[in-house]
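K.L.:
Next comes entry05.cif, mmCIF, C-alpha atoms:
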```
data_my_file
#
loop_
_atom_site.label_atom_id
_atom_site.label_comp_id
_atom_site.auth_asym_id
_atom_site.auth_seq_id
_atom_site.Cartn_x
_atom_site.Cartn_y
_atom_site.Cartn_z
CA MET A 120 235.59 -21.85 71.27
CA ASP A 121 236.14 -19.39 74.06
CA LYS A 122 238.62 -19.79 76.92
CA ASP A 123 236.06 -20.75 79.58
CA THR A 124 234.63 -23.56 77.50
CA SER A 125 238.05 -24.99 76.64
CA ARG A 126 239.07 -24.65 80.29
CA ARG A 127 235.97 -26.54 81.42
CA ILE A 128 236.64 -29.28 78.91
CA ASN A 129 240.22 -29.60 80.18
CA ILE A 130 239.01 -29.72 83.79
CA CYS A 131 236.45 -32.39 82.91
CA LYS A 132 239.14 -34.44 81.15
CA THR A 133 241.44 -34.06 84.16
CA VAL A 134 238.66 -35.09 86.57
CA ASP A 135 237.87 -38.09 84.39
CA GLU A 136 241.55 -39.07 84.34
CA VAL A 137 241.74 -38.76 88.13
CA ARG A 138 238.63 -40.89 88.48
CA MET A 139 240.12 -43.52 86.18
CA LEU A 140 243.36 -43.49 88.17
CA ASN A 141 241.40 -43.84 91.43
CA ALA A 142 239.46 -46.75 89.99
CA GLN A 143 242.72 -48.39 88.85
CA ASN A 144 244.28 -47.86 92.27
CA ASP A 145 241.24 -49.30 94.00
CA LYS A 146 241.28 -52.31 91.65
CA LEU A 147 244.99 -52.89 92.26
CA LEU A 148 244.52 -52.66 96.02
CA LYS A 149 241.58 -55.06 95.88
CA ASP A 150 243.56 -57.47 93.70
CA PHE A 151 246.26 -57.56 96.37
CA GLY A 152 243.68 -57.75 99.18
CA ILE A 153 244.57 -54.40 100.71
CA ASP A 154 241.94 -52.14 102.26
CA VAL A 155 243.40 -48.89 103.54
CA PHE A 156 240.61 -48.47 106.07
CA THR A 157 241.34 -51.81 107.71
CA LEU A 158 245.12 -51.51 108.00
CA ALA A 159 246.83 -52.35 111.29
CA ASP A 160 246.96 -49.53 113.82
CA SER A 161 250.66 -48.77 113.26
CA ALA A 162 250.20 -48.63 109.48
CA GLN A 163 247.09 -46.51 109.95
CA GLU A 164 249.02 -44.12 112.23
CA LEU A 165 251.85 -43.80 109.69
CA LEU A 166 249.37 -43.14 106.93
CA ASP A 167 247.63 -40.53 109.08
CA GLN A 168 250.97 -38.88 109.88
CA PHE A 169 251.92 -38.82 106.21
CA VAL A 170 248.61 -37.28 105.23
CA GLN A 171 248.88 -34.68 108.03
CA ILE A 172 252.44 -33.79 106.99
CA ARG A 173 251.27 -33.52 103.40
CA LEU A 174 248.40 -31.31 104.49
CA ASN A 175 250.51 -29.07 106.74
CA THR A 176 253.55 -28.70 104.50
CA GLY A 177 251.80 -28.62 101.16
CA LEU A 178 254.29 -31.20 99.92
CA CYS A 179 253.05 -32.25 96.54
CA ILE A 180 253.94 -35.57 95.01
CA GLU A 181 252.41 -36.17 91.65
CA GLY A 182 250.94 -39.45 90.65
CA PRO A 183 248.01 -41.69 91.31
CA GLN A 184 249.03 -42.52 94.88
CA MET A 185 248.50 -38.89 95.93
CA SER A 186 244.95 -38.80 94.67
CA PHE A 187 244.27 -41.87 96.75
CA LEU A 188 245.89 -40.30 99.81
CA GLU A 189 243.95 -37.08 99.32
CA GLU A 190 240.75 -39.06 99.08
CA PHE A 191 241.76 -40.90 102.21
CA LEU A 192 242.46 -37.57 103.94
CA TYR A 193 239.09 -36.13 102.93
CA GLN A 194 237.29 -39.26 104.07
CA ARG A 195 239.08 -39.19 107.42
CA GLU A 196 238.29 -35.49 107.86
CA ALA A 197 234.65 -36.11 106.92
CA LYS A 198 234.47 -38.91 109.49
CA ARG A 199 236.09 -36.68 112.12
CA LEU A 200 233.67 -33.83 111.42
CA GLU A 201 230.73 -36.22 111.43
CA ALA A 202 231.85 -37.66 114.76
CA LYS A 203 232.31 -34.15 116.16
CA THR A 204 228.82 -33.14 114.98
CA GLN A 205 227.36 -36.30 116.44
CA ALA A 206 229.18 -35.69 119.73
CA ILE A 207 227.76 -32.15 119.91
CA THR A 208 224.27 -33.47 119.17
CA LEU A 209 224.64 -36.19 121.79
CA ARG A 210 225.93 -33.69 124.39
CA SER A 211 222.91 -31.52 123.70
CA ASP A 212 220.61 -34.53 124.01
CA VAL A 213 222.27 -35.59 127.25
CA ALA A 214 221.95 -32.06 128.69
CA SER A 215 218.29 -31.97 127.68
CA LEU A 216 217.68 -35.38 129.24
CA ARG A 217 219.45 -34.29 132.45
CA ARG A 218 217.26 -31.19 132.69
CA GLN A 219 214.18 -33.31 132.06
CA CYS A 220 215.34 -35.83 134.67
CA ASP A 221 215.92 -33.02 137.20
CA ASN A 222 212.44 -31.63 136.55
CA GLU A 223 210.93 -35.09 136.94
CA ALA A 224 212.86 -35.61 140.19
CA LYS A 225 211.51 -32.29 141.51
CA ASP A 226 207.97 -33.36 140.60
CA VAL A 227 208.48 -36.69 142.34
CA ARG A 228 209.76 -34.96 145.50
CA ARG A 229 206.75 -32.62 145.48
CA LEU A 230 204.35 -35.52 145.04
CA GLU A 231 206.05 -37.52 147.79
CA SER A 232 205.81 -34.52 150.11
CA PHE A 233 202.13 -34.13 149.22
CA LEU A 234 201.50 -37.82 149.91
CA GLU A 235 203.26 -37.60 153.28
CA ASP A 236 201.19 -34.55 154.27
CA ALA A 237 197.98 -36.20 153.05
CA GLN A 238 198.75 -39.37 155.00
CA LYS A 239 199.37 -37.32 158.14
CA LEU A 240 196.01 -35.59 157.73
CA ALA A 241 194.03 -38.66 156.69
CA THR A 242 192.52 -41.04 159.23
CA SER A 243 192.92 -44.74 158.81
CA THR A 244 189.93 -46.90 157.93
CA ASP A 245 189.84 -48.42 161.44
CA GLU A 246 189.85 -44.99 163.09
CA PHE A 247 187.17 -43.79 160.69
CA GLU A 248 184.97 -46.81 161.46
CA LYS A 249 185.44 -46.28 165.22
CA LYS A 250 184.52 -42.60 164.95
CA LYS A 251 181.50 -43.45 162.82
CA ALA A 252 180.28 -46.08 165.28
CA ASN A 253 180.81 -43.66 168.19
CA GLN A 254 178.85 -40.93 166.41
CA GLU A 255 176.02 -43.34 165.62
CA LYS A 256 175.88 -44.33 169.32
CA ASN A 257 175.82 -40.68 170.37
CA ASN A 258 173.09 -40.02 167.82
CA GLU A 259 170.98 -42.86 169.26
CA VAL A 260 171.53 -41.58 172.83
CA VAL A 261 170.47 -38.05 171.83
CA LYS A 262 167.37 -39.43 170.06
CA GLY A 263 166.49 -41.42 173.19
CA LYS A 264 166.84 -38.33 175.41
CA ILE A 265 164.71 -36.27 173.04
CA GLU A 266 161.97 -38.92 173.11
CA SER A 267 162.05 -39.07 176.92
CA LEU A 268 161.48 -35.32 177.27
CA PRO A 269 157.92 -34.30 178.02
CA SER A 270 156.11 -33.12 174.99
CA ILE A 271 155.56 -29.41 174.70
CA PRO A 272 152.05 -28.37 173.74
CA ASP A 273 151.71 -26.82 170.37
CA ASP A 274 149.41 -24.05 171.51
CA ILE A 275 151.68 -22.11 173.87
CA LYS A 276 150.27 -18.72 174.73
CA LEU A 277 153.18 -16.36 174.58
CA ASP A 278 151.38 -13.47 176.28
CA GLU A 279 150.65 -15.62 179.34
CA LEU A 280 154.21 -16.93 179.38
CA ILE A 281 155.66 -13.40 179.27
CA ALA A 282 153.31 -12.25 182.03
CA ASN A 283 154.33 -15.22 184.22
CA VAL A 284 158.02 -14.51 183.65
CA ARG A 285 157.55 -10.86 184.62
CA LEU A 286 155.60 -11.88 187.72
CA LEU A 287 158.42 -14.22 188.75
CA GLU A 288 160.99 -11.51 188.16
CA GLU A 289 159.02 -9.07 190.35
CA GLU A 290 158.71 -11.64 193.14
CA ASP A 291 162.40 -12.37 192.93
CA ALA A 292 163.23 -8.65 193.01
CA GLY A 293 160.93 -8.25 196.05
CA ARG A 294 162.69 -11.00 197.96
CA ARG A 295 166.07 -9.50 197.25
CA GLY A 296 164.90 -6.13 198.53
CA ALA A 297 163.54 -7.71 201.73
CA ASP A 298 166.74 -9.66 202.33
CA LYS A 299 168.86 -6.56 202.29
#
```
Let me see the file written as C-alpha coordinates.
P.N.:
Amino acid sequence: MDKDTSRRINICKTVDEVRMLNAQNDKLLKDFGIDVFTLADSAQELLDQFVQIRLNTGLCIEGPQMSFLEEFLYQREAKRLEAKTQAITLRSDVASLRRQCDNEAKDVRRLESFLEDAQKLATSTDEFEKKKANQEKNNEVVKGKIESLPSIPDDIKLDELIANVRLLEEEDAGRRGADK
(Lines of atoms letter the chains of each structure in order from A and count residues from 1; the text may use other names and numbers.)
(Lines give C-alpha, C1' and ligand atoms only; values in the text may rest on other atoms or scores of the structure.)
Protein backbone atom coordinates (compact mmCIF):
# COMPACT_ATOMS: atom_id res chain seq x y z
CA MET A 1 0.00 0.00 0.00
CA ASP A 2 1.43 3.36 -0.93
CA LYS A 3 1.39 6.48 1.24
CA ASP A 4 -1.43 8.25 -0.61
CA THR A 5 -3.78 5.31 -0.28
CA SER A 6 -3.08 4.85 3.43
CA ARG A 7 -3.45 8.60 3.93
CA ARG A 8 -6.82 8.60 2.18
CA ILE A 9 -8.00 5.69 4.29
CA ASN A 10 -6.96 7.54 7.46
CA ILE A 11 -8.75 10.70 6.29
CA CYS A 12 -11.89 8.70 5.51
CA LYS A 13 -11.76 7.09 8.96
CA THR A 14 -11.29 10.50 10.58
CA VAL A 15 -14.19 11.98 8.59
CA ASP A 16 -16.38 9.03 9.56
CA GLU A 17 -15.43 9.50 13.22
CA VAL A 18 -16.26 13.20 13.02
CA ARG A 19 -19.59 12.40 11.42
CA MET A 20 -20.35 9.88 14.17
CA LEU A 21 -19.41 12.44 16.83
CA ASN A 22 -21.63 15.05 15.15
CA ALA A 23 -24.50 12.59 15.06
CA GLN A 24 -23.96 11.77 18.75
CA ASN A 25 -23.84 15.47 19.63
CA ASP A 26 -27.00 16.15 17.66
CA LYS A 27 -28.74 13.21 19.37
CA LEU A 28 -27.66 14.39 22.82
CA LEU A 29 -28.85 17.92 22.10
CA LYS A 30 -32.18 16.62 20.80
CA ASP A 31 -32.56 14.38 23.85
CA PHE A 32 -32.18 17.44 26.07
CA GLY A 33 -34.43 19.54 23.80
CA ILE A 34 -31.71 21.98 22.77
CA ASP A 35 -31.57 23.46 19.28
CA VAL A 36 -28.59 25.75 18.80
CA PHE A 37 -30.34 27.69 16.06
CA THR A 38 -33.26 28.59 18.31
CA LEU A 39 -31.32 29.70 21.37
CA ALA A 40 -32.22 32.97 23.10
CA ASP A 41 -30.61 36.07 21.63
CA SER A 42 -28.06 36.47 24.45
CA ALA A 43 -27.00 32.82 24.18
CA GLN A 44 -26.86 33.14 20.41
CA GLU A 45 -24.68 36.27 20.72
CA LEU A 46 -22.29 34.51 23.12
CA LEU A 47 -22.06 31.55 20.80
CA ASP A 48 -21.40 33.86 17.86
CA GLN A 49 -18.71 35.69 19.83
CA PHE A 50 -17.07 32.41 20.82
CA VAL A 51 -17.06 31.18 17.25
CA GLN A 52 -15.66 34.52 15.99
CA ILE A 53 -12.92 34.47 18.65
CA ARG A 54 -12.14 30.88 17.70
CA LEU A 55 -12.01 31.87 14.05
CA ASN A 56 -9.86 34.97 14.60
CA THR A 57 -7.42 33.54 17.13
CA GLY A 58 -7.16 30.04 15.77
CA LEU A 59 -7.73 28.75 19.29
CA CYS A 60 -8.13 25.03 18.95
CA ILE A 61 -9.98 22.97 21.49
CA GLU A 62 -10.16 19.32 20.67
CA GLY A 63 -13.25 17.29 21.13
CA PRO A 64 -16.69 16.78 19.73
CA GLN A 65 -18.00 20.19 20.84
CA MET A 66 -15.57 21.95 18.47
CA SER A 67 -16.79 20.06 15.45
CA PHE A 68 -20.29 21.16 16.32
CA LEU A 69 -19.17 24.77 16.75
CA GLU A 70 -17.28 24.68 13.46
CA GLU A 71 -20.35 23.33 11.74
CA PHE A 72 -22.36 26.07 13.37
CA LEU A 73 -19.81 28.65 12.19
CA TYR A 74 -19.91 27.36 8.62
CA GLN A 75 -23.69 27.32 8.60
CA ARG A 76 -23.82 30.88 9.93
CA GLU A 77 -21.28 32.03 7.34
CA ALA A 78 -23.23 30.25 4.58
CA LYS A 79 -26.42 31.98 5.72
CA ARG A 80 -24.62 35.34 5.83
CA LEU A 81 -23.19 34.87 2.33
CA GLU A 82 -26.56 33.71 1.03
CA ALA A 83 -28.25 36.75 2.55
CA LYS A 84 -25.57 39.02 1.08
CA THR A 85 -26.01 37.44 -2.37
CA GLN A 86 -29.76 37.77 -2.08
CA ALA A 87 -29.41 41.41 -1.01
CA ILE A 88 -27.23 42.14 -4.05
CA THR A 89 -29.73 40.42 -6.33
CA LEU A 90 -32.61 42.33 -4.76
CA ARG A 91 -30.74 45.65 -5.07
CA SER A 92 -30.16 44.91 -8.73
CA ASP A 93 -33.83 44.02 -9.19
CA VAL A 94 -34.92 47.18 -7.39
CA ALA A 95 -32.61 49.33 -9.54
CA SER A 96 -33.95 47.65 -12.67
CA LEU A 97 -37.53 48.20 -11.55
CA ARG A 98 -36.79 51.86 -10.75
CA ARG A 99 -35.34 52.39 -14.22
CA GLN A 100 -38.35 50.66 -15.75
CA CYS A 101 -40.69 52.77 -13.61
CA ASP A 102 -38.87 55.96 -14.69
CA ASN A 103 -39.17 54.97 -18.34
CA GLU A 104 -42.86 54.21 -17.89
CA ALA A 105 -43.39 57.57 -16.15
CA LYS A 106 -41.69 59.34 -19.07
CA ASP A 107 -43.96 57.50 -21.51
CA VAL A 108 -47.01 58.46 -19.46
CA ARG A 109 -45.95 62.13 -19.42
CA ARG A 110 -45.43 62.07 -23.19
CA LEU A 111 -48.83 60.47 -23.74
CA GLU A 112 -50.53 62.95 -21.41
CA SER A 113 -48.88 65.82 -23.28
CA PHE A 114 -50.02 64.33 -26.58
CA LEU A 115 -53.58 63.97 -25.28
CA GLU A 116 -53.61 67.58 -24.06
CA ASP A 117 -52.38 68.83 -27.45
CA ALA A 118 -54.88 66.62 -29.29
CA GLN A 119 -57.73 67.88 -27.11
CA LYS A 120 -56.72 71.48 -27.80
CA LEU A 121 -56.75 70.82 -31.55
CA ALA A 122 -59.90 68.70 -31.62
CA THR A 123 -63.36 70.23 -31.83
CA SER A 124 -66.09 69.03 -29.58
CA THR A 125 -69.02 67.07 -30.99
CA ASP A 126 -71.39 70.02 -30.48
CA GLU A 127 -69.07 72.41 -32.31
CA PHE A 128 -68.61 69.87 -35.09
CA GLU A 129 -72.38 69.44 -35.48
CA LYS A 130 -72.88 73.23 -35.54
CA LYS A 131 -70.19 73.68 -38.21
CA LYS A 132 -71.67 70.83 -40.25
CA ALA A 133 -75.17 72.29 -40.08
CA ASN A 134 -73.83 75.75 -41.02
CA GLN A 135 -71.95 74.32 -44.00
CA GLU A 136 -75.03 72.42 -45.16
CA LYS A 137 -77.06 75.67 -44.96
CA ASN A 138 -74.39 77.53 -46.94
CA ASN A 139 -74.35 74.71 -49.48
CA GLU A 140 -78.14 74.97 -49.91
CA VAL A 141 -77.93 78.77 -50.29
CA VAL A 142 -75.21 78.46 -52.95
CA LYS A 143 -77.26 75.83 -54.81
CA GLY A 144 -80.28 78.14 -54.71
CA LYS A 145 -78.26 81.05 -56.11
CA ILE A 146 -76.84 78.88 -58.87
CA GLU A 147 -80.33 77.75 -59.86
CA SER A 148 -81.60 81.35 -59.92
CA LEU A 149 -78.88 82.47 -62.35
CA PRO A 150 -79.95 82.70 -65.97
CA SER A 151 -78.89 79.75 -67.95
CA ILE A 152 -76.01 80.25 -70.31
CA PRO A 153 -76.51 78.88 -73.80
CA ASP A 154 -74.34 75.97 -74.70
CA ASP A 155 -73.50 77.26 -78.16
CA ILE A 156 -71.56 80.42 -77.32
CA LYS A 157 -69.70 81.77 -80.31
CA LEU A 158 -66.32 82.78 -79.01
CA ASP A 159 -65.31 84.72 -82.13
CA GLU A 160 -68.38 86.97 -81.82
CA LEU A 161 -67.79 87.41 -78.10
CA ILE A 162 -64.16 88.44 -78.65
CA ALA A 163 -65.17 90.87 -81.41
CA ASN A 164 -67.82 92.44 -79.13
CA VAL A 165 -65.31 92.82 -76.29
CA ARG A 166 -62.82 94.51 -78.61
CA LEU A 167 -65.54 96.82 -79.93
CA LEU A 168 -66.46 97.81 -76.37
CA GLU A 169 -62.82 98.42 -75.52
CA GLU A 170 -62.42 100.68 -78.57
CA GLU A 171 -65.55 102.65 -77.68
CA ASP A 172 -64.34 103.02 -74.12
CA ALA A 173 -60.90 104.16 -75.32
CA GLY A 174 -62.60 106.68 -77.66
CA ARG A 175 -64.62 108.18 -74.84
CA ARG A 176 -61.57 108.55 -72.67
CA GLY A 177 -59.74 110.35 -75.47
CA ALA A 178 -62.67 112.73 -76.00
CA ASP A 179 -62.96 113.48 -72.29
CA LYS A 180 -59.39 114.61 -72.06
K.L.:
Between CA of Phe191 in chain A and CA of Thr176 in chain A, measure the distance and give it in Å to one decimal.
P.N.:
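Atom-to-atom, CA of Phe191 in chain A and CA of Thr176 in chain A are spaced 17.1 Å apart.
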K.L.:
To one decimal place in Å, what is the distance between CA of Lys239 in chain A and CA of Lys225 in chain A?
P.N.:
21.2 Å
K.L.:
Which distance in Å separates CA of Arg218 in chain A and CA of Ala202 in chain A, to one decimal?
P.N.:
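Computing it gives 24.0 Å between the two atoms.
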